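Undergrad: Sharing a structure with you now.
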Amino acid sequence: MPVQQQRETQYGENAKFLHATKTNNPNDPIQLAFSINDEQGSEQILMGEVPSSFDLYTVCVENGWLREPRPVSANQKRSRIAVAS
């Protein structure tokens with residue numbers, strides 16, 4: 001089994017998302033923090049950085065965590081605007 005796949009299996013059930021920085025500029029880096037619990041119950045905090053919000057979006061779509069948005073027809077846009085007002 002490849003090392004990356006072992007890590008995904010190992011951490012998948014024991015990982016919790018803790019924090020992501022908020023930014024108004026999509027080109028700013030985003031810091032992420034996760035909590036990982038091992039078999040003995042000890043907790044480790046893992047921190048990392050994604051270069052930009054677009055890179056984070058791309059990673060999420062490529063891994064199947066998000067679906068790419070479908071195009072919205074003009075009729076749907078009009079009905080959404082009418083509901084919002």
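Every chain in the structure tokens takes a letter, A first, then B, and so on in the order presented; its residues are numbered from 1, and the ligands are numbered from 1 following the presented order.
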Give me the residues near stretch 54-67 of chain A as a list in words, where near means some atom within 9 Å (using only C-alpha atoms) and where sequence neighbours in that chain fewer than 5 positions away do not count.

TA: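 With the cut-off at 9 Å, the set is Pro26, Asn27 and Ile30 of chain A.
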
Undergrad: Going by DSSP on the backbone, which residues of stretch 23-80 of chain A come out as strand (DSSP E)? List them as a CSV table (one decimal) with C-alpha atoms, in the first residue's frame.

TA:
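result17.csv, freshly written:
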```
chain,number,residue,atom,x,y,z
A,30,ILE,CA,-4.5,30.2,3.9
A,31,GLN,CA,-3.3,28.5,7.1
A,32,LEU,CA,-5.1,25.3,8.1
A,33,ALA,CA,-5.0,23.4,11.4
A,34,PHE,CA,-6.2,19.8,12.1
A,35,SER,CA,-6.4,17.7,15.2
A,36,ILE,CA,-5.2,14.1,14.8
A,37,ASN,CA,-5.8,11.4,17.5
A,43,GLU,CA,-3.8,14.4,20.2
A,44,GLN,CA,-1.5,16.1,17.8
A,45,ILE,CA,-2.1,19.4,16.1
A,46,LEU,CA,-1.0,19.6,12.4
A,47,MET,CA,-0.7,22.9,10.7
A,48,GLY,CA,-0.1,23.7,7.1
A,49,GLU,CA,-0.5,26.4,4.5
A,50,VAL,CA,-2.1,26.5,1.1
```

Undergrad: Enumerate as a PyMOL selection string all residues of stretch 18-83 of chain A assigned to alpha helix (DSSP H) by DSSP on the backbone, naming them with the chain letters and numbers the document uses.

TA: chain A and resi 53-62+74-83

Undergrad: If you keep C-alpha atoms, can you produce a file of those selected residues as a compact mmCIF listing (two decimals), in the first residue's frame?

TA:
```
# COMPACT_ATOMS: atom_id res chain seq x y z
CA SER A 53 -7.83 30.05 -1.92
CA PHE A 54 -7.98 28.91 -5.56
CA ASP A 55 -5.39 26.22 -4.79
CA LEU A 56 -7.47 25.08 -1.81
CA TYR A 57 -10.59 24.94 -4.00
CA THR A 58 -8.71 22.93 -6.65
CA VAL A 59 -7.45 20.39 -4.08
CA CYS A 60 -10.98 19.95 -2.68
CA VAL A 61 -12.50 19.39 -6.14
CA GLU A 62 -9.72 16.98 -7.22
CA ALA A 74 -30.57 32.89 -17.07
CA ASN A 75 -34.04 31.83 -15.82
CA GLN A 76 -32.58 30.45 -12.60
CA LYS A 77 -30.58 33.66 -12.08
CA ARG A 78 -33.72 35.77 -12.47
CA SER A 79 -35.72 33.65 -10.03
CA ARG A 80 -32.93 33.85 -7.45
CA ILE A 81 -32.82 37.62 -7.78
CA ALA A 82 -36.60 37.84 -7.41
CA VAL A 83 -36.50 35.71 -4.25
```
